Structure formats: C-alpha cells, structure tokens
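The structure appears right after this line, and notes come after that.
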Amino acid sequence: MNTDDLIAHARARFDHVAARRLLKEKYAGKMLFAYNGGMWRAGPELLTLLQAVPVEDNVVLLDLYDNPVKVNPAELQYLALGRWQEQMNAWLVEHDEMSQKR
Amino acid sequence: MTTGAVILAFNNEETDYVGMAAWSARNIRRHLGIPTSIITDCQDIDLLSDFDVVMSADAQTGGARYFEDYNQTVSWHNAGRTDVYDLTPYEQTLVLDADYVVASNDLKHVLNSAQDFMCYRSAWDMTAGHTLDRLNQFGDYNMPMWWATVMMFRKSNTAQYIFDCMQMIKQNWQHYRDLYGIRHSNYRNDFALSIAIGIVSGHTLSVAEIPGSLLSLMPAVTLTGQEWADHYSVEYTDSNNKLKTMGFAGVDFHAMGKKHLENIIAGAS
C-alpha cells in the first residue's frame, strides 16, 4: 500500500447515512415472527388492529401473505408487543452507539 | 419433521467454497440450531467434519464467470442446485449459498412459516442503502427476479414442481435464454428459479417471498474484517468517490465478494 492509499484509508469516514438505512432494514426483518401458521410483522399497524378486536374470542386476521389465520388476539398482542418493544430498544441502543462513531 | 440446512460447495481454481461452507455450517448451528449437510465433490474427510451429512456429487459447471474481487474469470460450478430437492435428507430444507453469512437467528421465522417454498424477491445493497434495481430483474423484458441464494422448502408438490421446472430450464437453457432475452450465456440459478416460479405460479408470481430483502455486499466492497463474532466492517467508495467505512452486527448478508470473505474465514480459523 503506498502513502496515498494509507492517507485515504486513514481519512475514510464512517458512513452514517448508509448505516442508518441498514439499521432500518435490519430491524424491519427482526419485527417478523410466525404465529399459528401465519407470518406477522410486529408494529403499530398490527398492534392497533389487535386493540380493536374483542379479546375474549378467537378472530380471523390476514397474515403477511394474505392468508386468513385464526388467532387468539390476546396471545398475538402479547407476542407482537414484546417483540416490537424488544427490537425497538435494541435499535435505539445500536443507533446511539453508531452516532458516536467518526 | 426433520429440518436442516443444505449447502452446495464445489471448489474452483480460486475459491475454497468447501471451507466457506464449513464456516457457514458452524454459524448455522450456532444461530439456527439445525444440522447442516453439504453436497460436494470434495473427498477430504477432515474438511467435511463440520457437516452432519455429506452427499457426494460431481461438479456441474454453469460456465466461467468474471469475478471483480479476483479480477479474473474463473469456473463456476453452480448447476447442481436443481438436484437439492431429491438429495436433501430433510423434510424441511434451508438451501443456502456458501457465501451467505448467517449472523443472526432471523431465518428462524422462515423455518417457522407454514409455506411450502420461499425465497427472496429483492436484493438490497447494504452500502448504497437501496434495492438493487438493476439486479432485481432480468432479461430484455425486465422479468422479476427471485434469488436462489436462500431458499426454504418442504417436501411438497409446490416445491417439487419448482425444482423439476428448474431442471427442465437448465436442460433447455438456450431455449429459455432466447425466450426471456437473457444476454448472459452462463446458466444461472437465479434466472432458472425466476422462470420456474413464473411457470409454476401460472405467471401470477404468487409464490411466497421471504419478507424483507436479501441484504447484499457487492464484490467491489471490501469486507475488511470480523471485529468479533457476527460483527463485520466494510470499506467502499461512495457515489462521490470518497472512501467510507461502515460496521454492522447481527445481520445476515450475501457476500458477493468471495475473496474478502475467504480472508475473514482464514483469519477466524
């Protein structure tokens, strides 16, 4: 490696924009989970829907593949909320760590 | 039901795909907790000790291909993938490229899904931060691409039709090249899979895709190191021609630059 290359490598900066986009893509993948034969994405949309349905009965919802799946709303809400909070917290930790990189 | 991963690995003059697959098998066991089998022409027992089942097969070449990271054209033994359906010892199989890095348990949701066949629909450039639009379609008619890098299938009619169809496409490659306006002369699994999915689904493309994108590092990007388990760093030139670095952890990705991945594996062992 010549001197110019060494200087260029030393000057290489952490790409915050790309890293943020990658974090978003990473955590979008981590929000997915399987339940009762269906595939679900934990997030505000699913959680809001689950709050709107009666909790005492099983209901039929469309999963990510548009398949109707009979679910226990309380159980699905517990799983979705748990995963969403866990992954959002992990996202925040990584985001904050990354923000300090130069 | 038995579940496991299968990796096809045939070394060429430049790349140690078997070594890459052995490293990947250890990652798969650690993150997904499933056994891994290999389909290979390698006979060295010591190199194959990381696999639960070893299936011997002759290398089937798809032609020669230029690899940017090696800066040369090398043989490409990629054509055996259509046999996976018949060869797999598992009822549910995860087929992975040797250069697909498993660094998380994200693929568990694919294994837990009720679908008979799944693969990625779009690839995403990790350093550019957008989908690889140029690579997410193929042929003169811009047909949608499905990626054979990661496939999950259960022994089922749907999966068998797709693999049988891929086999037919491989055997009649020139015809399908002409039909779809594919300019590459080499047989490529991604193209065969994409055509097969179109045919099997009656061109409705209703086969289930793996949610999310196939995160990919292009060959021009230098995978500079594995700082600790499942944490990688890369160096690349951005669109303004400036040298940039980035690090990421717990992300599964397709390392298109085999040479850099080989260096990391050599350093890890």
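Ligands are numbered from 1 in the order shown, chains are lettered A, B, ... in the order of the structure tokens, and residues start at 1 in each chain.
Contacts from chain B to chain A at a cut-off of 7 Å (only C-alpha atoms) map to Asp106, His109, Asn112, Ser113, Ala114, Met126, Thr127, Ala128, Gly129, Ala208, Gly212, Leu243, Lys244, Thr245, Met246 and Val251 of chain B.
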Any idea what's packed within 12 Å of Val53 (chain B), counting only C-alpha atoms, ignoring anything in its chain fewer than 4 positions away? Could you give it as a PyMOL selection string?
-> chain B and resi 4-7+25+35-40+45+48-49+87-90
Between CA of Thr15 (chain B) and CA of Met55 (chain B), measure the distance and give it in Å to one decimal.
->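 CA of Met55 (chain B) lies at a distance of 19.9 Å from CA of Thr15 (chain B).
Each of B:Leu205, B:Gln60, B:Ala98, B:Phe153 was compared to Lys258 (chain B) using only C-alpha atoms, and B:Ala98 turns out to be the nearest.
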Can you work out the spacing between CA of Arg154 (chain B) and CA of Ser201 (chain B) in Å, to one decimal?
->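 Pair CA of Arg154 (chain B) / CA of Ser201 (chain B) returns 16.8 Å.
Closest approach to Thr48 (chain A) from the set A:Leu81, A:Asp63, A:Glu97, A:Asn72 is made by A:Leu81, with distances taken over only C-alpha atoms.
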Top pick for closest residue to Tyr236 (chain B), considering B:Leu193, B:Met145, B:Leu261, B:Met218 and counting only C-alpha atoms = B:Met218
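Coordinates place CA of Ser216 (chain B) at a distance of 21.1 Å from CA of Ala266 (chain B).
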Of the candidates A:Leu92, A:Ser99, A:Leu50, A:Ala42, which one gets nearest to Leu79 (chain A) if we count only C-alpha atoms?
->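 Distance minimum relative to Leu79 (chain A) lands on A:Ala42.
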Pick out the residues sitting within 8 Å of Thr3 (chain B), and hand them over as a list in words; count only C-alpha atoms, and ignore anything fewer than 3 positions along from it in its own chain.
-> Ile34, Pro35, Tyr90, Glu91, Gln92, Thr93 and Leu94 of chain B
Nearest candidate to Ser206 (chain B) (options B:Met118, B:Leu32, B:Met168, B:Ala9; using only C-alpha atoms) | B:Met118
Region 44-150 of chain B: which residues are helix (DSSP H, G or I) by DSSP, as a list in words?
-> Asp46, Leu47, Leu48, Ala79, Gly80, Arg81, Thr82, Asp83, Val84, Tyr85, Asp86, Leu87, Lys108, His109, Val110 and Leu111 of chain B
